[in-house]
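> Sharing target26.cif (mmCIF, C-alpha atoms and all ligand atoms) below.
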```cif
data_entry
#
loop_
_atom_site.label_atom_id
_atom_site.label_comp_id
_atom_site.auth_asym_id
_atom_site.auth_seq_id
_atom_site.Cartn_x
_atom_site.Cartn_y
_atom_site.Cartn_z
CA MET A 1 51.45 98.22 -8.83
CA ASN A 2 50.79 98.78 -12.55
CA ARG A 3 52.72 97.15 -15.37
CA ARG A 4 55.18 100.05 -15.78
CA ASP A 5 55.89 100.18 -12.04
CA PHE A 6 56.43 96.42 -11.97
CA PHE A 7 59.07 96.47 -14.71
CA GLY A 8 60.68 99.54 -13.20
CA ALA A 9 60.95 97.85 -9.80
CA SER A 10 62.36 94.69 -11.38
CA ALA A 11 65.06 96.70 -13.15
CA VAL A 12 66.07 98.44 -9.91
CA VAL A 13 66.29 95.12 -8.07
CA GLY A 14 68.39 93.71 -10.88
CA LEU A 15 70.80 96.66 -10.86
CA GLY A 16 70.93 96.58 -7.08
CA LEU A 17 72.73 93.26 -7.31
CA THR A 18 75.82 92.89 -9.41
CA GLY A 19 74.06 92.70 -12.78
CA ALA A 20 72.55 89.99 -14.95
CA SER A 21 75.60 87.73 -14.86
CA ALA A 22 75.30 87.41 -11.10
CA PHE A 23 71.77 86.02 -11.53
CA ALA A 24 72.98 83.51 -14.09
CA THR A 25 75.81 82.28 -11.87
CA GLN A 26 73.60 81.94 -8.81
CA THR A 27 70.95 79.97 -10.71
CA THR A 28 73.51 77.66 -12.30
CA GLU A 29 75.24 76.81 -9.03
CA ALA A 30 71.93 76.20 -7.29
CA THR A 31 70.58 73.75 -9.87
CA ASP A 32 73.60 72.01 -11.39
CA LYS A 33 73.44 68.39 -10.23
CA ARG A 34 75.83 66.81 -12.73
CA ALA A 35 77.82 65.03 -10.01
CA ASP A 36 74.72 62.97 -9.07
CA ALA A 37 73.72 61.81 -12.58
CA LYS A 38 74.00 58.20 -13.72
CA LEU A 39 73.31 56.44 -17.02
CA ARG A 40 71.19 53.46 -15.97
CA ILE A 41 70.08 51.48 -19.02
CA SER A 42 66.91 49.40 -19.27
CA SER A 43 65.27 47.70 -22.24
CA GLN A 44 61.82 46.75 -23.32
CA VAL A 45 61.51 43.06 -24.13
CA GLY A 46 60.93 43.61 -27.89
CA PRO A 47 64.18 45.44 -28.73
CA ALA A 48 66.32 42.94 -26.79
CA PRO A 49 68.06 40.11 -28.65
CA GLY A 50 67.08 36.53 -27.91
CA GLY A 51 64.06 34.27 -28.42
CA SER A 52 62.16 33.48 -25.22
CA LEU A 53 61.49 36.02 -22.47
CA GLU A 54 64.05 34.29 -20.25
CA GLU A 55 66.68 34.46 -23.01
CA LYS A 56 65.96 38.15 -23.64
CA LEU A 57 66.20 38.97 -19.93
CA ALA A 58 69.55 37.18 -19.79
CA LYS A 59 70.86 39.19 -22.79
CA ILE A 60 69.60 42.46 -21.29
CA LYS A 61 71.64 41.71 -18.18
CA GLN A 62 74.66 40.40 -20.10
CA TYR A 63 75.20 43.68 -21.96
CA GLY A 64 75.10 45.84 -18.87
CA CYS A 65 71.47 46.91 -18.49
CA GLU A 66 70.09 47.17 -14.97
CA ALA A 67 66.39 46.74 -15.68
CA VAL A 68 63.65 45.48 -17.97
CA GLU A 69 60.60 47.48 -19.07
CA TYR A 70 57.53 45.27 -19.39
CA GLY A 71 54.38 45.89 -21.43
CA GLY A 72 50.81 45.49 -20.22
CA GLU A 73 51.12 41.66 -20.22
CA CYS A 74 52.49 41.79 -16.65
CA VAL A 75 49.44 43.56 -15.17
CA GLY A 76 47.91 41.37 -12.44
CA LYS A 77 51.02 39.13 -12.45
CA GLY A 78 53.43 41.37 -10.57
CA LYS A 79 55.06 38.72 -8.40
CA GLU A 80 55.62 36.37 -11.33
CA PHE A 81 57.15 39.06 -13.59
CA ARG A 82 59.24 40.54 -10.80
CA GLN A 83 60.65 37.08 -10.12
CA LYS A 84 61.49 36.57 -13.82
CA ALA A 85 63.51 39.81 -13.75
CA GLU A 86 65.17 39.02 -10.44
CA ASN A 87 66.18 35.56 -11.67
CA GLU A 88 68.44 37.36 -14.15
CA GLY A 89 69.59 40.01 -11.67
CA LEU A 90 67.39 42.76 -13.15
CA LYS A 91 65.02 45.34 -11.69
CA VAL A 92 61.76 46.33 -13.39
CA SER A 93 62.01 49.93 -14.63
CA VAL A 94 58.39 50.67 -15.63
CA ILE A 95 55.28 49.22 -17.24
CA CYS A 96 54.64 50.62 -20.73
CA TRP A 97 50.83 50.73 -20.50
CA GLY A 98 49.70 53.17 -23.20
CA SER A 99 46.37 54.91 -23.62
CA HIS A 100 43.76 52.16 -23.04
CA ASN A 101 42.28 53.28 -26.39
CA GLY A 102 42.01 56.82 -25.04
CA ASP A 103 39.13 55.71 -22.79
CA LEU A 104 40.10 57.83 -19.78
CA CYS A 105 39.82 60.94 -21.95
CA SER A 106 36.97 59.78 -24.18
CA GLU A 107 34.04 62.02 -25.06
CA ASP A 108 31.99 58.93 -24.17
CA VAL A 109 31.79 59.34 -20.40
CA SER A 110 30.84 55.65 -19.87
CA LYS A 111 34.29 54.56 -21.11
CA ARG A 112 36.25 56.60 -18.58
CA GLN A 113 35.79 54.71 -15.28
CA PRO A 114 36.75 51.28 -16.70
CA GLY A 115 39.93 52.93 -18.02
CA VAL A 116 40.67 54.47 -14.62
CA ASP A 117 40.08 51.10 -12.93
CA ASP A 118 42.48 49.34 -15.31
CA LEU A 119 45.15 52.01 -14.79
CA LYS A 120 44.80 51.43 -11.04
CA ARG A 121 45.41 47.71 -11.58
CA ALA A 122 48.56 48.55 -13.57
CA LEU A 123 49.73 50.88 -10.78
CA GLU A 124 49.21 48.14 -8.19
CA THR A 125 51.26 45.75 -10.32
CA ALA A 126 54.00 48.36 -10.76
CA GLY A 127 54.09 48.76 -6.98
CA GLU A 128 54.36 44.97 -6.51
CA MET A 129 57.27 44.85 -8.96
CA GLY A 130 59.10 47.80 -7.39
CA ALA A 131 58.81 49.66 -10.71
CA ASN A 132 59.17 53.44 -11.00
CA GLY A 133 55.89 53.88 -12.77
CA VAL A 134 53.28 53.17 -15.40
CA ILE A 135 53.63 54.97 -18.72
CA TYR A 136 50.34 56.60 -19.65
CA VAL A 137 49.35 58.34 -22.90
CA PRO A 138 46.08 60.34 -22.59
CA ALA A 139 45.08 59.83 -26.22
CA PHE A 140 46.61 58.90 -29.54
CA ASN A 141 45.29 60.75 -32.60
CA GLY A 142 41.72 59.72 -33.35
CA GLN A 143 41.01 58.18 -29.92
CA THR A 144 38.99 61.10 -28.53
CA LYS A 145 36.89 63.93 -29.90
CA LEU A 146 37.78 66.20 -26.97
CA THR A 147 39.92 69.24 -27.73
CA ASN A 148 43.37 69.80 -26.22
CA GLN A 149 41.86 72.30 -23.76
CA GLU A 150 39.15 69.85 -22.72
CA ILE A 151 41.61 66.97 -22.23
CA ARG A 152 43.91 69.04 -20.04
CA LYS A 153 40.98 70.18 -17.88
CA LEU A 154 39.68 66.60 -17.61
CA LEU A 155 43.12 65.29 -16.57
CA LEU A 156 43.16 67.80 -13.72
CA GLU A 157 39.80 66.42 -12.58
CA PHE A 158 40.65 62.70 -12.33
CA MET A 159 44.44 62.62 -12.07
CA PRO A 160 44.88 64.01 -8.53
CA ASP A 161 43.10 60.97 -7.02
CA LEU A 162 44.99 58.61 -9.35
CA ALA A 163 48.32 60.22 -8.42
CA LYS A 164 47.50 59.72 -4.73
CA PHE A 165 46.67 56.09 -5.52
CA ALA A 166 49.99 55.71 -7.37
CA LYS A 167 51.88 57.24 -4.46
CA ASP A 168 50.19 54.83 -2.04
CA CYS A 169 51.33 51.96 -4.31
CA GLY A 170 54.88 53.36 -4.14
CA THR A 171 54.98 54.20 -7.84
CA ASN A 172 54.09 56.92 -10.37
CA ILE A 173 51.90 57.67 -13.34
CA ILE A 174 54.35 58.69 -16.07
CA LEU A 175 52.94 60.91 -18.83
CA GLU A 176 54.55 60.23 -22.21
CA PRO A 177 54.63 63.10 -24.74
CA LEU A 178 54.46 61.83 -28.35
CA CYS A 179 55.22 63.36 -31.72
CA ARG A 180 52.38 64.90 -33.74
CA MET A 181 52.25 61.91 -36.09
CA GLU A 182 50.90 59.93 -33.12
CA ALA A 183 49.21 62.45 -30.81
CA TYR A 184 48.24 66.11 -30.95
CA PHE A 185 47.58 66.32 -27.23
CA LEU A 186 50.80 66.32 -25.16
CA ARG A 187 53.79 66.57 -27.48
CA GLN A 188 56.49 68.28 -25.40
CA VAL A 189 58.25 67.22 -22.23
CA ALA A 190 57.71 70.61 -20.56
CA ASP A 191 53.97 70.40 -21.26
CA GLY A 192 53.77 66.99 -19.57
CA ALA A 193 55.81 68.33 -16.66
CA SER A 194 53.41 71.25 -16.21
CA ILE A 195 50.43 68.85 -16.13
CA ALA A 196 52.22 66.68 -13.56
CA ARG A 197 53.04 69.76 -11.47
CA ASP A 198 49.41 70.94 -11.55
CA VAL A 199 48.15 67.47 -10.59
CA LEU A 200 50.60 67.28 -7.66
CA ARG A 201 49.52 70.73 -6.48
CA ALA A 202 45.83 69.81 -6.73
CA ALA A 203 46.46 66.55 -4.85
CA GLY A 204 48.68 68.18 -2.24
CA ILE A 205 51.40 65.55 -2.67
CA ASP A 206 55.00 65.62 -3.88
CA SER A 207 55.16 62.41 -5.93
CA GLY A 208 52.84 59.98 -7.68
CA ILE A 209 52.95 61.49 -11.16
CA GLY A 210 55.73 62.63 -13.46
CA VAL A 211 56.74 62.89 -17.09
CA MET A 212 59.14 61.10 -19.43
CA GLY A 213 61.03 61.93 -22.58
CA ASP A 214 61.37 59.67 -25.63
CA PHE A 215 64.30 60.63 -27.83
CA TYR A 216 62.44 59.55 -30.96
CA HIS A 217 59.43 61.79 -30.31
CA MET A 218 61.62 64.59 -28.99
CA ASP A 219 63.53 64.61 -32.29
CA THR A 220 60.37 66.01 -33.93
CA GLU A 221 58.90 68.12 -31.14
CA GLU A 222 61.73 69.66 -29.13
CA THR A 223 64.03 72.45 -30.27
CA SER A 224 66.49 71.46 -27.55
CA GLN A 225 66.68 68.00 -26.03
CA MET A 226 68.84 69.39 -23.24
CA GLY A 227 66.33 72.19 -22.61
CA ALA A 228 63.43 69.72 -22.60
CA PHE A 229 64.96 67.55 -19.88
CA ILE A 230 65.96 70.58 -17.82
CA SER A 231 62.35 71.84 -18.04
CA ALA A 232 61.13 68.56 -16.53
CA GLY A 233 63.73 68.65 -13.75
CA SER A 234 62.79 66.50 -10.79
CA LEU A 235 59.49 65.54 -12.49
CA LEU A 236 61.38 63.43 -15.06
CA ARG A 237 60.72 59.78 -14.21
CA HIS A 238 61.75 57.83 -17.33
CA VAL A 239 63.43 58.07 -20.74
CA HIS A 240 62.98 56.04 -23.94
CA LEU A 241 66.02 55.42 -26.11
CA ALA A 242 65.67 55.34 -29.91
CA GLY A 243 67.26 56.97 -32.92
CA GLY A 244 65.35 59.92 -34.39
CA VAL A 245 63.18 60.36 -37.46
CA GLU A 246 65.97 60.23 -40.03
CA ASN A 247 66.25 56.89 -41.86
CA PRO A 248 66.73 54.29 -40.63
CA ARG A 249 63.99 55.66 -38.42
CA ARG A 250 63.58 54.88 -34.72
CA THR A 251 66.26 52.21 -34.62
CA TYR A 252 68.93 51.32 -32.04
CA PRO A 253 70.74 54.48 -30.94
CA GLY A 254 73.85 54.87 -33.11
CA GLU A 255 72.25 53.29 -36.19
CA ASN A 256 71.21 56.65 -37.61
CA SER A 257 72.87 60.04 -37.40
CA MET A 258 71.12 61.29 -34.26
CA THR A 259 73.35 62.33 -31.41
CA PHE A 260 72.35 61.88 -27.76
CA VAL A 261 74.98 64.22 -26.33
CA ASP A 262 72.69 67.25 -26.01
CA GLY A 263 69.91 65.29 -24.28
CA PHE A 264 72.36 63.48 -22.01
CA ARG A 265 73.80 66.86 -21.03
CA GLY A 266 70.31 67.81 -19.86
CA LEU A 267 69.96 64.54 -17.91
CA LYS A 268 73.31 65.16 -16.27
CA TYR A 269 72.41 68.72 -15.39
CA ILE A 270 69.28 67.65 -13.48
CA GLY A 271 71.15 64.80 -11.75
CA TYR A 272 68.93 62.17 -13.41
CA GLN A 273 69.18 58.74 -11.81
CA GLY A 274 66.13 57.09 -13.37
CA PHE A 275 66.23 54.60 -16.23
CA CYS A 276 66.83 55.14 -19.94
CA SER A 277 65.11 52.28 -21.72
CA PHE A 278 65.35 50.89 -25.26
CA GLU A 279 62.12 51.29 -27.24
CA CYS A 280 63.15 50.96 -30.87
CA GLY A 281 63.71 48.73 -33.86
CA CYS A 282 66.99 47.28 -35.06
CA GLU A 283 68.77 47.65 -38.40
CA ALA A 284 71.71 45.35 -37.70
CA ALA A 285 71.61 41.92 -39.37
CA ASP A 286 72.93 40.48 -36.12
CA LYS A 287 70.59 41.85 -33.45
CA GLU A 288 72.80 40.81 -30.55
CA GLU A 289 75.83 42.56 -32.05
CA GLY A 290 73.65 45.62 -32.77
CA PHE A 291 72.37 45.75 -29.18
CA LYS A 292 75.89 45.49 -27.78
CA LYS A 293 77.20 48.20 -30.13
CA SER A 294 74.30 50.50 -29.32
CA ILE A 295 74.97 50.28 -25.58
CA GLU A 296 78.66 51.04 -26.20
CA PHE A 297 77.60 54.01 -28.36
CA LEU A 298 75.29 55.33 -25.61
CA ARG A 299 77.97 55.07 -22.96
CA ALA A 300 80.40 56.97 -25.18
CA GLN A 301 77.76 59.68 -25.80
CA TRP A 302 77.15 59.94 -22.03
CA ASP A 303 80.87 60.39 -21.41
CA GLU A 304 81.01 63.10 -24.07
CA ALA A 305 78.01 64.97 -22.62
MG MG A 401 58.13 55.87 -26.13
#
```
Just dump the structure as structure tokens.

Amino acid sequence: MNRRDFFGASAVVGLGLTGASAFATQTTEATDKRADAKLRISSQVGPAPGGSLEEKLAKIKQYGCEAVEYGGECVGKGKEFRQKAENEGLKVSVICWGSHNGDLCSEDVSKRQPGVDDLKRALETAGEMGANGVIYVPAFNGQTKLTNQEIRKLLLEFMPDLAKFAKDCGTNIILEPLCRMEAYFLRQVADGASIARDVLRAAGIDSGIGVMGDFYHMDTEETSQMGAFISAGSLLRHVHLAGGVENPRRTYPGENSMTFVDGFRGLKYIGYQGFCSFECGCEAADKEEGFKKSIEFLRAQWDEA
């Protein structure tokens, strides 16, 4: 079939049904999962009010969050950090691990395996803590000399085995797209989702890697926050909560003018039940009051979406 025949045949098939609107209705009904969606809030330790880790965990719970997001300090200490969360009635959402200086995607081949080994240790810890995944950034700006094309190809070489490893640990590698100020490789949620999809296909598995969306980065890179989350669909494993680029930049949601309604609509549409986790600064003079207000703001935005 040549190109003209293909389009001709498509048009006939389309007209053979009841027109374009019938397609739209069928697709919408088949994929609309709004009834399943839940706003489940988590917080990194840094953005939470309080002094000690124990105090912060208690505040996270007090204001209605379900989980804590740890940084790399928990790696190798899964039982201990899981217990700290459980003592306050919290789950562990994810480990925010980062890029390991871009080593896994370095042009210096000798740096790659130590990076892979450390990511495996983080995945084991995530599994021990019952966490949904380990957030991984292939490379921040300046951390590799490889081109975007080379990084994507390289990821498809080593990620299938890592995704299988993650699945065996009962967790996921979670690719985090960043804004161009921080990374030129992997800036949009749909791009991360397509990498995750290709890795899953190559590995022949259905979970072990996914993507996340960070409202702060998305404010620069996405033309539609709703569209971005819908593009990720079932591959969306985590969300970071922060105000956008307008001043005061990247603060508690509600402290600048950015609305979350459009993005939350997308999360509702895909029936998202993962965590949305605070990763942001705070403008309020009273951090505890600011945290409380921000959670109230987010719940109101969710209701509006
Ligand atoms: Mg983030």
> Once you count all atoms listed in the file, what closest atom pair and distance in Å to one decimal does each residue of chain A within 10 Å of ligand MG 401 (chain A) have, with rows by chain and rising residue number, as JSON lines?

```
{"residue": "A:Cys96", "atom": "CA", "partner": "A:MG401", "partner_atom": "MG", "distance": 8.3}
{"residue": "A:Gly98", "atom": "CA", "partner": "A:MG401", "partner_atom": "MG", "distance": 9.3}
{"residue": "A:Ile135", "atom": "CA", "partner": "A:MG401", "partner_atom": "MG", "distance": 8.7}
{"residue": "A:Val137", "atom": "CA", "partner": "A:MG401", "partner_atom": "MG", "distance": 9.7}
{"residue": "A:Glu176", "atom": "CA", "partner": "A:MG401", "partner_atom": "MG", "distance": 6.9}
{"residue": "A:Pro177", "atom": "CA", "partner": "A:MG401", "partner_atom": "MG", "distance": 8.2}
{"residue": "A:Leu178", "atom": "CA", "partner": "A:MG401", "partner_atom": "MG", "distance": 7.3}
{"residue": "A:Cys179", "atom": "CA", "partner": "A:MG401", "partner_atom": "MG", "distance": 9.8}
{"residue": "A:Met212", "atom": "CA", "partner": "A:MG401", "partner_atom": "MG", "distance": 8.6}
{"residue": "A:Gly213", "atom": "CA", "partner": "A:MG401", "partner_atom": "MG", "distance": 7.6}
{"residue": "A:Asp214", "atom": "CA", "partner": "A:MG401", "partner_atom": "MG", "distance": 5.0}
{"residue": "A:Phe215", "atom": "CA", "partner": "A:MG401", "partner_atom": "MG", "distance": 8.0}
{"residue": "A:Tyr216", "atom": "CA", "partner": "A:MG401", "partner_atom": "MG", "distance": 7.4}
{"residue": "A:His217", "atom": "CA", "partner": "A:MG401", "partner_atom": "MG", "distance": 7.4}
{"residue": "A:Met218", "atom": "CA", "partner": "A:MG401", "partner_atom": "MG", "distance": 9.8}
{"residue": "A:His238", "atom": "CA", "partner": "A:MG401", "partner_atom": "MG", "distance": 9.7}
{"residue": "A:Val239", "atom": "CA", "partner": "A:MG401", "partner_atom": "MG", "distance": 7.9}
{"residue": "A:His240", "atom": "CA", "partner": "A:MG401", "partner_atom": "MG", "distance": 5.3}
{"residue": "A:Leu241", "atom": "CA", "partner": "A:MG401", "partner_atom": "MG", "distance": 7.9}
{"residue": "A:Ala242", "atom": "CA", "partner": "A:MG401", "partner_atom": "MG", "distance": 8.5}
{"residue": "A:Ser277", "atom": "CA", "partner": "A:MG401", "partner_atom": "MG", "distance": 9.0}
{"residue": "A:Phe278", "atom": "CA", "partner": "A:MG401", "partner_atom": "MG", "distance": 8.8}
{"residue": "A:Glu279", "atom": "CA", "partner": "A:MG401", "partner_atom": "MG", "distance": 6.2}
{"residue": "A:Cys280", "atom": "CA", "partner": "A:MG401", "partner_atom": "MG", "distance": 8.5}
```
> With distances taken over all atoms listed in the file, which of A:Ala58, A:Ala126, A:Tyr63, A:Ala305 is nearest to A:Lys293?
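Going through A:Ala58, A:Ala126, A:Tyr63, A:Ala305 one by one, the smallest distance to A:Lys293 is for A:Tyr63.
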> Could you list as a ChimeraX atom specification every residue that has an atom within 8 Å of (41.8, 61.2, -18.6), using the file's coordinates and counting all atoms listed in the file?
/A:102-106,112,116,138,151,154-155,158-159
> Give the answer as one residue: which of A:Thr31, A:Ser207, A:Asp219, A:Asp108 has the shortest atom-to-atom distance to A:Lys145, using all atoms listed in the file?
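Residue with the minimum atom-to-atom distance to A:Lys145: A:Asp108.
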> List every protein, DNA or RNA residue that has an atom no more than 6 Å from (63.6, 43.1, -22.8) in the file's coordinate frame, counting only C-alpha atoms, and report them as an mmCIF file with C-alpha atoms, in the frame of the given file.

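The resulting out32.cif:
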```cif
data_model
loop_
_atom_site.group_PDB
_atom_site.id
_atom_site.type_symbol
_atom_site.label_atom_id
_atom_site.label_comp_id
_atom_site.auth_asym_id
_atom_site.auth_seq_id
_atom_site.Cartn_x
_atom_site.Cartn_y
_atom_site.Cartn_z
ATOM 1 C CA SER A 43 65.270 47.700 -22.240
ATOM 2 C CA GLN A 44 61.820 46.750 -23.320
ATOM 3 C CA VAL A 45 61.510 43.060 -24.130
ATOM 4 C CA GLY A 46 60.930 43.610 -27.890
ATOM 5 C CA ALA A 48 66.320 42.940 -26.790
ATOM 6 C CA LYS A 56 65.960 38.150 -23.640
ATOM 7 C CA LEU A 57 66.200 38.970 -19.930
ATOM 8 C CA VAL A 68 63.650 45.480 -17.970
#
```
